[in-house]
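Okay, start_20.cif is below, mmCIF, C-alpha atoms:
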data_structure
#
loop_
_atom_site.label_atom_id
_atom_site.label_comp_id
_atom_site.auth_asym_id
_atom_site.auth_seq_id
_atom_site.Cartn_x
_atom_site.Cartn_y
_atom_site.Cartn_z
CA MET E 14 37.89 -180.87 1.83
CA ALA E 15 40.00 -179.52 -1.04
CA LYS E 16 40.47 -181.77 -4.05
CA ILE E 17 43.95 -183.23 -4.34
CA ILE E 18 45.47 -182.23 -7.69
CA THR E 19 47.23 -185.15 -9.35
CA ALA E 20 49.61 -185.30 -12.30
CA GLU E 21 46.70 -186.67 -14.36
CA ASP E 22 44.69 -183.54 -13.63
CA ILE E 23 47.30 -181.18 -15.04
CA ARG E 24 48.60 -183.33 -17.89
CA PRO E 25 47.57 -181.92 -21.31
CA LYS E 26 44.92 -183.91 -23.13
CA HIS E 27 44.87 -184.80 -26.81
CA PRO E 28 41.39 -184.12 -28.26
CA CYS E 29 41.94 -186.63 -31.10
CA PHE E 30 42.79 -189.45 -28.69
CA ASP E 31 40.46 -188.43 -25.83
CA GLU E 32 36.84 -187.95 -26.90
CA GLU E 33 35.91 -185.95 -23.81
CA ALA E 34 38.78 -183.52 -24.44
CA ARG E 35 37.51 -182.62 -27.91
CA HIS E 36 35.10 -180.09 -26.34
CA THR E 37 37.66 -178.42 -24.09
CA HIS E 38 41.14 -178.81 -25.59
CA ALA E 39 42.23 -177.22 -28.86
CA ARG E 40 44.83 -178.35 -31.36
CA VAL E 41 46.90 -176.52 -33.99
CA HIS E 42 48.35 -178.05 -37.14
CA LEU E 43 51.47 -176.39 -38.51
CA PRO E 44 51.64 -176.58 -42.35
CA VAL E 45 55.42 -176.78 -42.68
CA ALA E 46 55.71 -179.92 -44.84
CA PRO E 47 54.68 -179.15 -48.45
CA ARG E 48 56.35 -182.07 -50.25
CA CYS E 49 55.11 -185.66 -50.34
CA ASN E 50 56.90 -188.91 -51.20
CA ILE E 51 53.90 -190.95 -52.34
CA GLN E 52 50.95 -190.21 -54.61
CA CYS E 53 47.66 -191.60 -53.32
CA ASN E 54 44.91 -192.03 -55.87
CA TYR E 55 42.46 -190.25 -53.56
CA CYS E 56 44.63 -187.20 -52.91
CA ASN E 57 44.78 -183.83 -54.63
CA ARG E 58 46.52 -181.31 -52.42
CA LYS E 59 44.80 -178.05 -53.32
CA TYR E 60 45.78 -174.73 -51.75
CA ASP E 61 43.94 -171.46 -51.05
CA CYS E 62 40.45 -172.79 -50.40
CA VAL E 63 39.49 -172.05 -46.80
CA ASN E 64 36.02 -173.53 -47.37
CA GLU E 65 37.40 -176.98 -48.10
CA SER E 66 38.02 -179.16 -45.07
CA ARG E 67 40.02 -182.32 -45.73
CA PRO E 68 43.54 -183.57 -45.04
CA GLY E 69 46.23 -182.19 -47.33
CA VAL E 70 44.67 -178.74 -47.68
CA THR E 71 46.18 -175.51 -46.39
CA SER E 72 45.83 -171.84 -47.24
CA SER E 73 49.56 -171.18 -46.76
CA VAL E 74 52.83 -172.95 -46.00
CA LEU E 75 54.99 -171.81 -43.08
CA GLU E 76 58.74 -171.75 -42.71
CA PRO E 77 60.00 -173.12 -39.35
CA PHE E 78 60.76 -169.66 -37.96
CA GLN E 79 57.23 -168.54 -38.87
CA ALA E 80 55.66 -171.45 -36.99
CA VAL E 81 56.68 -170.07 -33.59
CA ARG E 82 55.33 -166.61 -34.48
CA TYR E 83 52.07 -168.19 -35.62
CA LEU E 84 51.63 -170.18 -32.41
CA LYS E 85 52.34 -167.15 -30.24
CA GLU E 86 49.67 -165.20 -32.11
CA LEU E 87 47.13 -168.05 -31.89
CA ASP E 88 47.74 -168.30 -28.15
CA LYS E 89 46.15 -164.85 -27.86
CA HIS E 90 42.96 -166.00 -29.59
CA ILE E 91 42.45 -169.70 -28.75
CA ASP E 92 42.03 -170.97 -25.19
CA ASN E 93 43.64 -174.17 -23.99
CA ILE E 94 45.77 -175.19 -26.96
CA SER E 95 47.02 -178.55 -25.76
CA VAL E 96 48.28 -180.11 -29.00
CA ILE E 97 50.71 -178.95 -31.66
CA GLY E 98 50.76 -181.23 -34.68
CA ILE E 99 52.28 -181.48 -38.14
CA ALA E 100 50.16 -183.24 -40.74
CA GLY E 101 51.28 -181.86 -44.07
CA PRO E 102 50.09 -180.63 -46.44
CA GLY E 103 52.55 -183.26 -47.75
CA ASP E 104 54.30 -185.75 -45.49
CA PRO E 105 56.49 -184.66 -42.55
CA PHE E 106 59.30 -187.03 -43.49
CA ALA E 107 59.42 -185.93 -47.09
CA ASN E 108 60.40 -182.63 -45.42
CA PRO E 109 62.48 -183.87 -42.47
CA GLU E 110 64.79 -180.86 -42.12
CA GLU E 111 61.93 -178.37 -41.99
CA VAL E 112 59.85 -180.53 -39.66
CA LEU E 113 62.62 -181.29 -37.18
CA LYS E 114 63.71 -177.66 -37.12
CA THR E 115 60.10 -176.65 -36.46
CA LEU E 116 59.79 -179.17 -33.64
CA ARG E 117 63.01 -177.99 -32.02
CA GLU E 118 62.05 -174.31 -32.15
CA VAL E 119 58.45 -174.87 -31.07
CA LYS E 120 59.51 -177.20 -28.25
CA ALA E 121 61.81 -174.50 -26.89
CA GLU E 122 58.92 -172.00 -26.74
CA PHE E 123 56.08 -174.35 -25.77
CA PRO E 124 57.69 -177.18 -23.77
CA HIS E 125 54.52 -178.38 -22.03
CA ARG E 126 52.31 -178.96 -25.05
CA ILE E 127 51.60 -182.34 -26.65
CA PHE E 128 53.47 -182.87 -29.93
CA CYS E 129 52.11 -185.18 -32.61
CA LEU E 130 52.78 -186.10 -36.23
CA SER E 131 50.75 -187.69 -39.01
CA THR E 132 52.68 -189.56 -41.70
CA ASN E 133 52.49 -192.29 -44.33
CA GLY E 134 55.52 -193.86 -42.59
CA LEU E 135 57.65 -194.34 -45.71
CA ASN E 136 60.61 -192.32 -44.42
CA LEU E 137 59.78 -192.22 -40.71
CA GLU E 138 62.15 -194.86 -39.32
CA PRO E 139 65.43 -192.86 -39.54
CA TYR E 140 63.87 -190.09 -37.41
CA ILE E 141 62.13 -192.05 -34.64
CA GLU E 142 65.02 -191.57 -32.21
CA GLU E 143 65.03 -187.81 -32.76
CA ILE E 144 61.27 -187.24 -32.58
CA ALA E 145 61.16 -189.24 -29.34
CA ALA E 146 63.92 -187.01 -27.94
CA LEU E 147 61.79 -184.01 -28.94
CA ASP E 148 58.87 -185.42 -26.89
CA VAL E 149 56.62 -186.34 -29.78
CA THR E 150 54.13 -188.53 -27.94
CA HIS E 151 51.55 -189.36 -30.64
CA VAL E 152 52.08 -190.53 -34.22
CA THR E 153 49.37 -191.34 -36.76
CA LEU E 154 50.21 -193.72 -39.61
CA THR E 155 47.97 -194.01 -42.67
CA ILE E 156 47.92 -197.72 -43.55
CA ASN E 157 45.24 -198.80 -46.02
CA GLY E 158 45.92 -202.53 -46.03
CA ILE E 159 48.58 -205.20 -45.58
CA ASP E 160 48.26 -206.94 -48.97
CA PRO E 161 50.34 -205.24 -51.73
CA ALA E 162 48.00 -206.70 -54.36
CA ILE E 163 45.25 -204.58 -52.80
CA THR E 164 47.16 -201.45 -51.81
CA SER E 165 48.86 -201.22 -55.22
CA LYS E 166 45.45 -200.05 -56.47
CA ILE E 167 45.55 -197.14 -54.00
CA TYR E 168 48.99 -195.63 -54.72
CA ARG E 169 50.11 -194.28 -58.09
CA TRP E 170 53.78 -194.15 -57.12
CA VAL E 171 56.18 -194.19 -54.17
CA ARG E 172 59.46 -192.24 -54.12
CA TYR E 173 62.14 -193.68 -51.82
CA ASN E 174 65.89 -193.00 -51.78
CA LYS E 175 65.61 -190.97 -55.02
CA LYS E 176 63.93 -193.81 -56.90
CA VAL E 177 60.29 -194.00 -58.01
CA TYR E 178 58.44 -197.30 -57.58
CA ARG E 179 55.07 -198.30 -59.01
CA GLY E 180 52.55 -201.11 -58.77
CA GLU E 181 52.96 -203.93 -56.27
CA GLU E 182 56.67 -203.17 -55.87
CA ALA E 183 55.75 -199.71 -54.58
CA ALA E 184 52.99 -201.04 -52.33
CA ARG E 185 55.27 -203.72 -50.88
CA LEU E 186 58.05 -201.21 -50.14
CA LEU E 187 55.65 -198.79 -48.47
CA LEU E 188 54.11 -201.54 -46.35
CA GLU E 189 57.51 -202.82 -45.18
CA ARG E 190 58.57 -199.35 -44.09
CA GLN E 191 55.24 -198.68 -42.35
CA LEU E 192 55.09 -201.93 -40.40
CA ALA E 193 58.73 -201.64 -39.32
CA CYS E 194 57.94 -198.34 -37.59
CA ILE E 195 55.15 -199.47 -35.27
CA PRO E 196 57.23 -201.54 -32.79
CA LEU E 197 60.01 -198.94 -32.92
CA LEU E 198 57.57 -196.17 -32.01
CA LYS E 199 56.09 -198.28 -29.21
CA ALA E 200 59.57 -198.98 -27.83
CA LYS E 201 59.86 -195.20 -27.34
CA GLY E 202 56.52 -195.01 -25.54
CA ILE E 203 54.80 -193.22 -28.43
CA THR E 204 51.06 -193.74 -28.93
CA VAL E 205 50.36 -195.07 -32.44
CA LYS E 206 47.06 -194.41 -34.19
CA ILE E 207 46.25 -195.95 -37.57
CA ASN E 208 44.23 -194.13 -40.22
CA PHE E 209 42.50 -196.53 -42.63
CA ILE E 210 40.71 -194.99 -45.63
CA ILE E 211 37.63 -197.06 -46.56
CA ILE E 212 37.66 -197.40 -50.37
CA PRO E 213 34.68 -199.30 -51.83
CA GLY E 214 35.60 -202.32 -53.92
CA ILE E 215 39.29 -202.07 -53.04
CA ASN E 216 39.97 -202.45 -49.32
CA ASP E 217 36.58 -202.46 -47.59
CA HIS E 218 36.77 -206.29 -47.19
CA HIS E 219 40.40 -206.16 -46.11
CA ILE E 220 40.00 -204.60 -42.67
CA ASP E 221 39.97 -207.73 -40.47
CA GLU E 222 43.33 -209.12 -41.56
CA THR E 223 44.83 -205.61 -41.62
CA VAL E 224 43.87 -204.78 -38.04
CA GLN E 225 45.00 -208.16 -36.74
CA VAL E 226 48.51 -207.50 -38.04
CA LEU E 227 48.56 -203.93 -36.72
CA LYS E 228 47.44 -205.07 -33.27
CA THR E 229 50.19 -207.71 -33.16
CA LEU E 230 52.78 -205.03 -33.90
CA GLY E 231 51.51 -202.81 -31.08
CA ALA E 232 49.18 -200.20 -32.63
CA ASP E 233 47.00 -198.51 -30.01
CA LEU E 234 43.85 -197.54 -31.90
CA ILE E 235 42.41 -197.17 -35.39
CA ASN E 236 40.40 -194.55 -37.24
CA CYS E 237 38.41 -195.92 -40.19
CA MET E 238 37.57 -192.96 -42.41
CA PRO E 239 35.32 -193.03 -45.49
CA LEU E 240 36.90 -192.06 -48.79
CA ILE E 241 36.40 -188.46 -49.97
CA PRO E 242 36.25 -188.63 -53.80
CA THR E 243 38.40 -185.56 -54.45
CA GLU E 244 38.14 -183.61 -57.67
CA GLY E 245 41.30 -183.91 -59.72
CA SER E 246 42.31 -187.25 -58.19
CA LEU E 247 42.18 -190.65 -59.88
CA PHE E 248 39.40 -191.62 -57.48
CA GLU E 249 37.22 -188.57 -58.12
CA GLU E 250 34.51 -190.78 -59.69
CA MET E 251 34.76 -193.44 -56.98
CA PRO E 252 31.47 -193.76 -55.01
CA LYS E 253 31.59 -192.81 -51.35
CA PRO E 254 31.23 -195.66 -48.86
CA ASP E 255 27.61 -195.84 -47.69
CA GLN E 256 26.69 -195.95 -44.01
CA LYS E 257 26.21 -199.70 -44.08
CA MET E 258 29.77 -200.24 -45.37
CA ILE E 259 31.24 -197.76 -42.88
CA PHE E 260 29.44 -199.47 -39.99
CA ARG E 261 30.59 -202.94 -41.12
CA VAL E 262 34.25 -201.91 -41.52
CA ARG E 263 34.33 -200.16 -38.15
CA ALA E 264 32.62 -203.06 -36.43
CA GLU E 265 35.23 -205.49 -37.78
CA ALA E 266 38.08 -203.19 -36.77
CA LYS E 267 36.67 -202.78 -33.27
CA HIS E 268 37.08 -206.52 -32.63
CA HIS E 269 40.85 -206.00 -32.50
CA LEU E 270 41.63 -202.35 -31.69
CA PRO E 271 39.91 -199.45 -29.94
CA LEU E 272 38.08 -197.33 -32.50
CA MET E 273 38.32 -193.57 -32.89
CA THR E 274 34.83 -192.30 -33.70
CA HIS E 275 35.06 -188.50 -33.55
CA CYS E 276 37.58 -187.68 -36.30
CA ALA E 277 37.05 -184.24 -37.89
CA ARG E 278 39.14 -184.95 -41.05
CA CYS E 279 41.30 -181.94 -40.21
CA ARG E 280 43.06 -179.68 -42.67
CA ALA E 281 46.83 -179.32 -42.57
CA ASP E 282 46.33 -175.84 -41.08
CA ALA E 283 43.48 -176.64 -38.65
CA ALA E 284 43.36 -174.53 -35.48
CA GLY E 285 40.85 -174.66 -32.63
CA LEU E 286 38.50 -177.27 -31.23
CA LEU E 287 37.74 -180.34 -33.34
CA GLY E 288 34.95 -179.46 -35.74
CA GLN E 289 35.02 -175.82 -34.60
CA ASP E 290 38.08 -174.39 -36.32
CA MET E 291 38.74 -170.71 -35.76
CA LYS E 292 38.21 -169.13 -39.18
CA GLU E 293 40.30 -166.11 -38.23
CA ALA E 294 43.27 -168.47 -37.93
CA TYR E 295 43.50 -168.63 -41.73
CA THR E 296 43.95 -164.85 -41.90
CA ILE E 297 46.59 -164.98 -39.16
CA LEU E 298 48.31 -167.84 -40.99
CA GLN E 299 48.49 -165.88 -44.23
CA GLN E 300 49.79 -162.80 -42.44
CA ILE E 301 52.50 -164.76 -40.64
CA SER E 302 53.45 -166.71 -43.77
CA SER E 303 54.16 -163.44 -45.57
CA THR E 304 56.65 -162.33 -42.93
CA VAL E 305 60.33 -162.74 -43.67
CA ALA E 306 63.25 -163.84 -41.56
CA GLU E 307 65.11 -161.27 -39.52
CA ASP E 308 68.03 -161.24 -41.98
CA ALA E 309 65.85 -161.05 -45.13
CA ASP E 310 66.82 -157.40 -45.70
CA LYS E 311 70.41 -158.60 -45.88
CA ARG E 312 69.33 -161.24 -48.41
CA PRO E 313 67.01 -159.37 -50.77
CA TYR E 314 67.74 -161.41 -53.92
CA VAL E 315 66.88 -164.78 -55.45
CA ALA E 316 69.26 -166.75 -57.68
CA VAL E 317 67.97 -168.85 -60.59
CA ALA E 318 69.61 -171.64 -62.58
CA THR E 319 68.33 -171.06 -66.12
CA TYR E 320 69.44 -171.56 -69.71
CA GLU E 321 67.78 -168.48 -71.16
CA GLY E 322 66.34 -166.31 -68.36
CA HIS E 323 62.65 -167.24 -68.68
CA LEU E 324 62.42 -170.73 -67.19
CA VAL E 325 63.89 -172.58 -64.24
CA ASN E 326 65.36 -175.40 -66.32
CA LEU E 327 68.96 -176.07 -65.25
CA HIS E 328 70.49 -178.49 -62.75
CA LEU E 329 72.79 -176.72 -60.31
CA GLY E 330 75.70 -179.00 -61.21
CA GLU E 331 75.40 -177.92 -64.86
CA ALA E 332 75.08 -174.21 -64.20
CA LYS E 333 78.02 -172.10 -65.33
CA SER E 334 76.20 -169.00 -64.10
CA VAL E 335 73.02 -168.01 -62.27
CA TYR E 336 70.63 -165.12 -62.86
CA ILE E 337 69.91 -162.79 -59.94
CA PHE E 338 66.45 -161.27 -59.40
CA ARG E 339 64.85 -158.97 -56.86
CA GLN E 340 61.32 -157.88 -56.03
CA THR E 341 60.31 -154.27 -56.68
CA PRO E 342 56.99 -152.37 -56.41
CA ASN E 343 56.67 -152.86 -60.17
CA GLY E 344 57.30 -156.60 -60.15
CA PHE E 345 60.35 -158.85 -60.33
CA GLN E 346 63.49 -157.35 -61.82
CA PHE E 347 66.54 -159.05 -63.33
CA LEU E 348 69.74 -157.61 -61.84
CA GLU E 349 72.72 -159.50 -63.20
CA GLU E 350 74.26 -162.80 -64.24
CA ARG E 351 76.89 -164.22 -61.88
CA ALA E 352 79.50 -166.74 -62.97
CA MET E 353 79.62 -169.91 -60.87
CA PRO E 354 82.87 -171.25 -59.37
CA ASP E 355 84.77 -173.79 -61.49
CA THR E 356 83.73 -177.43 -61.27
CA GLY E 357 85.67 -179.80 -59.05
CA GLY E 358 86.95 -179.21 -55.55
CA GLY E 359 84.29 -181.23 -53.74
CA ASP E 360 82.40 -179.49 -50.95
CA GLN E 361 84.57 -176.41 -51.28
CA ARG E 362 82.81 -175.55 -54.53
CA TRP E 363 79.44 -175.39 -52.79
CA ILE E 364 80.87 -173.33 -49.95
CA ASP E 365 82.13 -170.93 -52.62
CA VAL E 366 78.67 -170.91 -54.20
CA ALA E 367 77.16 -170.01 -50.81
CA ARG E 368 79.61 -167.10 -50.56
CA LEU E 369 78.73 -166.04 -54.10
CA LEU E 370 75.03 -165.99 -53.14
CA ILE E 371 75.44 -164.48 -49.69
CA ASP E 372 72.86 -161.78 -50.55
CA CYS E 373 70.31 -164.32 -51.87
CA ARG E 374 67.56 -165.78 -49.70
CA ALA E 375 66.81 -168.60 -52.14
CA LEU E 376 68.06 -170.51 -55.16
CA LEU E 377 65.70 -171.93 -57.82
CA VAL E 378 67.01 -174.97 -59.70
CA SER E 379 65.54 -177.84 -61.73
CA GLY E 380 67.73 -180.30 -59.82
CA VAL E 381 70.39 -180.41 -57.11
CA GLY E 382 72.36 -183.05 -55.22
CA ASP E 383 71.88 -183.72 -51.52
CA ASN E 384 75.34 -182.47 -50.56
CA PRO E 385 75.21 -179.04 -52.23
CA SER E 386 71.61 -178.63 -51.09
CA SER E 387 72.57 -179.31 -47.46
CA ILE E 388 75.58 -176.97 -47.56
CA LEU E 389 73.56 -174.12 -49.09
CA LYS E 390 70.74 -174.59 -46.58
CA GLU E 391 73.23 -174.55 -43.70
CA CYS E 392 74.44 -171.22 -45.07
CA GLY E 393 70.91 -169.81 -44.95
CA ILE E 394 69.99 -170.19 -48.64
CA LYS E 395 66.67 -171.91 -49.32
CA VAL E 396 67.05 -174.36 -52.23
CA VAL E 397 63.87 -174.92 -54.26
CA GLN E 398 63.67 -177.59 -56.96
CA MET E 399 61.11 -176.80 -59.65
CA THR E 400 60.58 -176.59 -63.40
CA GLY E 401 58.55 -173.80 -64.93
CA MET E 402 58.37 -170.05 -65.24
CA ILE E 403 60.87 -168.03 -63.20
CA ASP E 404 58.15 -165.57 -62.15
CA GLU E 405 56.17 -168.40 -60.57
CA GLY E 406 59.17 -169.43 -58.51
CA LEU E 407 59.89 -165.84 -57.49
CA ASN E 408 56.25 -165.38 -56.49
CA GLY E 409 56.53 -168.48 -54.34
CA ILE E 410 59.64 -167.22 -52.56
CA TYR E 411 58.70 -163.58 -52.06
CA ASN E 412 54.96 -164.00 -51.50
CA ASN E 413 54.90 -167.52 -49.99
CA LYS E 414 52.71 -168.93 -52.76
CA PRO E 415 52.75 -172.63 -53.71
CA ILE E 416 55.15 -173.39 -56.56
CA ARG E 417 53.67 -175.69 -59.17
CA SER E 418 56.46 -177.81 -60.61
CA ILE E 419 55.54 -179.25 -64.01
CA LYS E 420 57.04 -182.30 -65.64
CA LYS E 421 60.40 -181.55 -67.16
CA ALA E 422 59.38 -183.25 -70.41
CA ASP E 423 56.52 -180.75 -70.73
CA ALA E 424 58.26 -177.70 -69.35
CA PHE E 425 59.82 -176.59 -72.61
CA ARG E 426 57.50 -178.11 -75.25
CA CYS E 427 56.38 -175.60 -77.86
CA GLY E 428 54.51 -177.90 -80.25
CA THR E 429 55.18 -180.28 -83.11
CA ALA E 430 56.54 -177.52 -85.34
CA CYS E 431 59.21 -176.49 -82.85
CA LYS E 432 62.78 -177.21 -83.97
CA GLY E 433 64.40 -176.06 -80.73
CA ASN E 434 66.60 -177.99 -78.35
CA ALA E 435 64.21 -178.15 -75.36
CA GLN E 436 66.06 -175.37 -73.57
CA GLY E 437 63.44 -172.66 -73.77
CA CYS E 438 62.88 -169.89 -76.28
CA ALA E 439 65.44 -167.10 -76.44
#

Could you render the structure as structure tokens?
Amino acid sequence: MAKIITAEDIRPKHPCFDEEARHTHARVHLPVAPRCNIQCNYCNRKYDCVNESRPGVTSSVLEPFQAVRYLKELDKHIDNISVIGIAGPGDPFANPEEVLKTLREVKAEFPHRIFCLSTNGLNLEPYIEEIAALDVTHVTLTINGIDPAITSKIYRWVRYNKKVYRGEEAARLLLERQLACIPLLKAKGITVKINFIIIPGINDHHIDETVQVLKTLGADLINCMPLIPTEGSLFEEMPKPDQKMIFRVRAEAKHHLPLMTHCARCRADAAGLLGQDMKEAYTILQQISSTVAEDADKRPYVAVATYEGHLVNLHLGEAKSVYIFRQTPNGFQFLEERAMPDTGGGDQRWIDVARLLIDCRALLVSGVGDNPSSILKECGIKVVQMTGMIDEGLNGIYNNKPIRSIKKADAFRCGTACKGNAQGCA
């Protein structure tokens, strides 16, 4: 007698939430979220190291339009991709426009896949309605404790609504935003997994009270992961949790919530079966990330807000002109200086700026307001905030390399003998 096929038989399985599926169902992480809104003391997001496997690492960053191309190419090489996720390399909701655009475009091409997100939860709440409408069914929240006196030792700073918080104030704000999201996600039928990083001497004795609160709010399961002391982070000298500590923490957590035990600590660009990533995917990712949008030939230039033509060091609102550059076989070339529209006029000024830069694919600035940034993006101009050498920003735009933004106070410092005005050398 033929087996009756049920909806359960054909429903995609999530290998991170279903241990049996880890051997048969693949997942792909799309690295479309480069920025982060908190700084964890255990995190150092390093690029271009395919031999390093930990969260926050990617070999390239994709634009939303590139994500669909990447998935179509991976579909030719990886069998049974059931999950499409976004887990960084920063936080999805420090990059909400890029992430939501990616989800919309990917959903249109791959409607029957599972969609999941991994986030710190700080800025998640405003987008829960929309991600539910886009059929995101699984969300992972990293919550390392429910006592701000403890978690303040884990986070260096938290940036929320354009303000930076530190210490217990930062930890308390982050916790409030995280806990508020769990019942809201559950009300939408979304599965909620908690990631808890075991940090010796800080939160390893804080698991019982943490998991009790998370269970009360509706969390579905928990993943207790040992700290990776990452080079370049504040915790790089922190000892790793030993097996006895890991066992104890997981045993306490298991009293309250189901425990995930097969986590592979995936990169932000992971592709393939858990623990068996397809190495060729990194080459495909880099190839796709170097592709340009269909209208890039119509937008061959990049505009830069700069005082002197060497550094990105000017806020857009202060710019009376912008410098225009292009890429040539012999490097980046300065073309011209374009006068900006007069100040005043509200949104019309930024619409005029978009018209002025109609042949530019991107604008590099040291600062920009939300309104002009949104208007320029809607007009197809990528707005990048950074401080540093213009060539580094141009390399990031044209060659999809990470742009290292240095502190503004250090960006123009020449030494104690310098008598300049902190606007760069002429």

Would you write out, as a PDB file with C-alpha atoms, in the frame of the given file, every residue that the PyMOL selection byres ((chain E and resi 350-355) around 9) captures in this file?
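Okay, this is what ended up in part15.pdb:
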ATOM      1  CA  ALA E 332      75.080-174.210 -64.200  1.00  0.00           C
ATOM      2  CA  LYS E 333      78.020-172.100 -65.330  1.00  0.00           C
ATOM      3  CA  SER E 334      76.200-169.000 -64.100  1.00  0.00           C
ATOM      4  CA  VAL E 335      73.020-168.010 -62.270  1.00  0.00           C
ATOM      5  CA  TYR E 336      70.630-165.120 -62.860  1.00  0.00           C
ATOM      6  CA  ILE E 337      69.910-162.790 -59.940  1.00  0.00           C
ATOM      7  CA  PHE E 347      66.540-159.050 -63.330  1.00  0.00           C
ATOM      8  CA  LEU E 348      69.740-157.610 -61.840  1.00  0.00           C
ATOM      9  CA  GLU E 349      72.720-159.500 -63.200  1.00  0.00           C
ATOM     10  CA  THR E 356      83.730-177.430 -61.270  1.00  0.00           C
ATOM     11  CA  GLY E 357      85.670-179.800 -59.050  1.00  0.00           C
ATOM     12  CA  GLY E 358      86.950-179.210 -55.550  1.00  0.00           C
ATOM     13  CA  ARG E 362      82.810-175.550 -54.530  1.00  0.00           C
ATOM     14  CA  TRP E 363      79.440-175.390 -52.790  1.00  0.00           C
ATOM     15  CA  ASP E 365      82.130-170.930 -52.620  1.00  0.00           C
ATOM     16  CA  VAL E 366      78.670-170.910 -54.200  1.00  0.00           C
ATOM     17  CA  LEU E 369      78.730-166.040 -54.100  1.00  0.00           C
TER      18      LEU E 369
END

Can you spell out as a ChimeraX atom specification the set of residues that the PyMOL selection byres ((chain E and resi 179) around 8) selects in the structure I just provided?
/E:165,168-171,177-178,180-184

Selection from above, C-alpha atoms, as a PDB file, in the frame of the given file, can you write it?
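File selection_0.pdb, as written:
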ATOM      1  CA  SER E 165      48.860-201.220 -55.220  1.00  0.00           C
ATOM      2  CA  TYR E 168      48.990-195.630 -54.720  1.00  0.00           C
ATOM      3  CA  ARG E 169      50.110-194.280 -58.090  1.00  0.00           C
ATOM      4  CA  TRP E 170      53.780-194.150 -57.120  1.00  0.00           C
ATOM      5  CA  VAL E 171      56.180-194.190 -54.170  1.00  0.00           C
ATOM      6  CA  VAL E 177      60.290-194.000 -58.010  1.00  0.00           C
ATOM      7  CA  TYR E 178      58.440-197.300 -57.580  1.00  0.00           C
ATOM      8  CA  GLY E 180      52.550-201.110 -58.770  1.00  0.00           C
ATOM      9  CA  GLU E 181      52.960-203.930 -56.270  1.00  0.00           C
ATOM     10  CA  GLU E 182      56.670-203.170 -55.870  1.00  0.00           C
ATOM     11  CA  ALA E 183      55.750-199.710 -54.580  1.00  0.00           C
ATOM     12  CA  ALA E 184      52.990-201.040 -52.330  1.00  0.00           C
TER      13      ALA E 184
END

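With distances restricted to only C-alpha atoms, E:Val315 is the closest residue to Gly409 (chain E) from E:Ile301, E:Ile364, E:Val315, E:Leu370.
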
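Going from CA of Ile207 (chain E) over to CA of Asp233 (chain E), you cover 8.0 Å.
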
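Nearest residue to Ile297 (chain E), choosing from E:Val397, E:Val224, E:Leu75, E:Val325 and counting all atoms listed in the file: E:Leu75.
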
Can you list what the PyMOL selection byres ((chain E and resi 142-144) around 9) grabs from this structure, as number ranges by chain?
E: 113, 116, 138-141, 145-150, 197-198, 201

Take the residues from that selection and put them in a file with C-alpha atoms, as a PDB file, in the coordinates of the input.
ATOM      1  CA  LEU E 113      62.620-181.290 -37.180  1.00  0.00           C
ATOM      2  CA  LEU E 116      59.790-179.170 -33.640  1.00  0.00           C
ATOM      3  CA  GLU E 138      62.150-194.860 -39.320  1.00  0.00           C
ATOM      4  CA  PRO E 139      65.430-192.860 -39.540  1.00  0.00           C
ATOM      5  CA  TYR E 140      63.870-190.090 -37.410  1.00  0.00           C
ATOM      6  CA  ILE E 141      62.130-192.050 -34.640  1.00  0.00           C
ATOM      7  CA  ALA E 145      61.160-189.240 -29.340  1.00  0.00           C
ATOM      8  CA  ALA E 146      63.920-187.010 -27.940  1.00  0.00           C
ATOM      9  CA  LEU E 147      61.790-184.010 -28.940  1.00  0.00           C
ATOM     10  CA  ASP E 148      58.870-185.420 -26.890  1.00  0.00           C
ATOM     11  CA  VAL E 149      56.620-186.340 -29.780  1.00  0.00           C
ATOM     12  CA  THR E 150      54.130-188.530 -27.940  1.00  0.00           C
ATOM     13  CA  LEU E 197      60.010-198.940 -32.920  1.00  0.00           C
ATOM     14  CA  LEU E 198      57.570-196.170 -32.010  1.00  0.00           C
ATOM     15  CA  LYS E 201      59.860-195.200 -27.340  1.00  0.00           C
TER      16      LYS E 201
END

Extract, using only C-alpha atoms, all DNA, RNA and protein residues at most 6 Å from Gly380 (chain E), discarding same-chain residues fewer than 2 positions from it, and format them as an NGL selection string.
:E and (328 or 378 or 398)

Residues from the last selection, C-alpha atoms, saved as an mmCIF file, in the frame of the given file:
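For reference, again11.cif as written:
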data_model
loop_
_atom_site.group_PDB
_atom_site.id
_atom_site.type_symbol
_atom_site.label_atom_id
_atom_site.label_comp_id
_atom_site.auth_asym_id
_atom_site.auth_seq_id
_atom_site.Cartn_x
_atom_site.Cartn_y
_atom_site.Cartn_z
ATOM 1 C CA HIS E 328 70.490 -178.490 -62.750
ATOM 2 C CA VAL E 378 67.010 -174.970 -59.700
ATOM 3 C CA GLN E 398 63.670 -177.590 -56.960
#

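Minimum distance to Thr155 (chain E) across E:Arg172, E:Lys114, E:Lys206, E:Arg261 (counting all atoms listed in the file) occurs at E:Lys206.
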
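Using all atoms listed in the file for every distance, the candidate list E:Thr204, E:Gln346, E:Asn57, E:Thr319 yields E:Thr204 as the residue closest to Cys129 (chain E).
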
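Using all atoms listed in the file, the shortest contact distance between Leu187 (chain E) and any of E:Pro77, E:Pro109, E:Gly158, E:Gly134 is found at E:Gly134.
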
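Shortest atom-to-atom contact with Leu389 (chain E) among E:Leu188, E:Ile403, E:Leu329, E:Ile211: E:Leu329, counting all atoms listed in the file.
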
Near-Asn408 (chain E) list (12 Å; only C-alpha atoms; drop same-chain fewer than 4 positions) as a count of residues only:
19
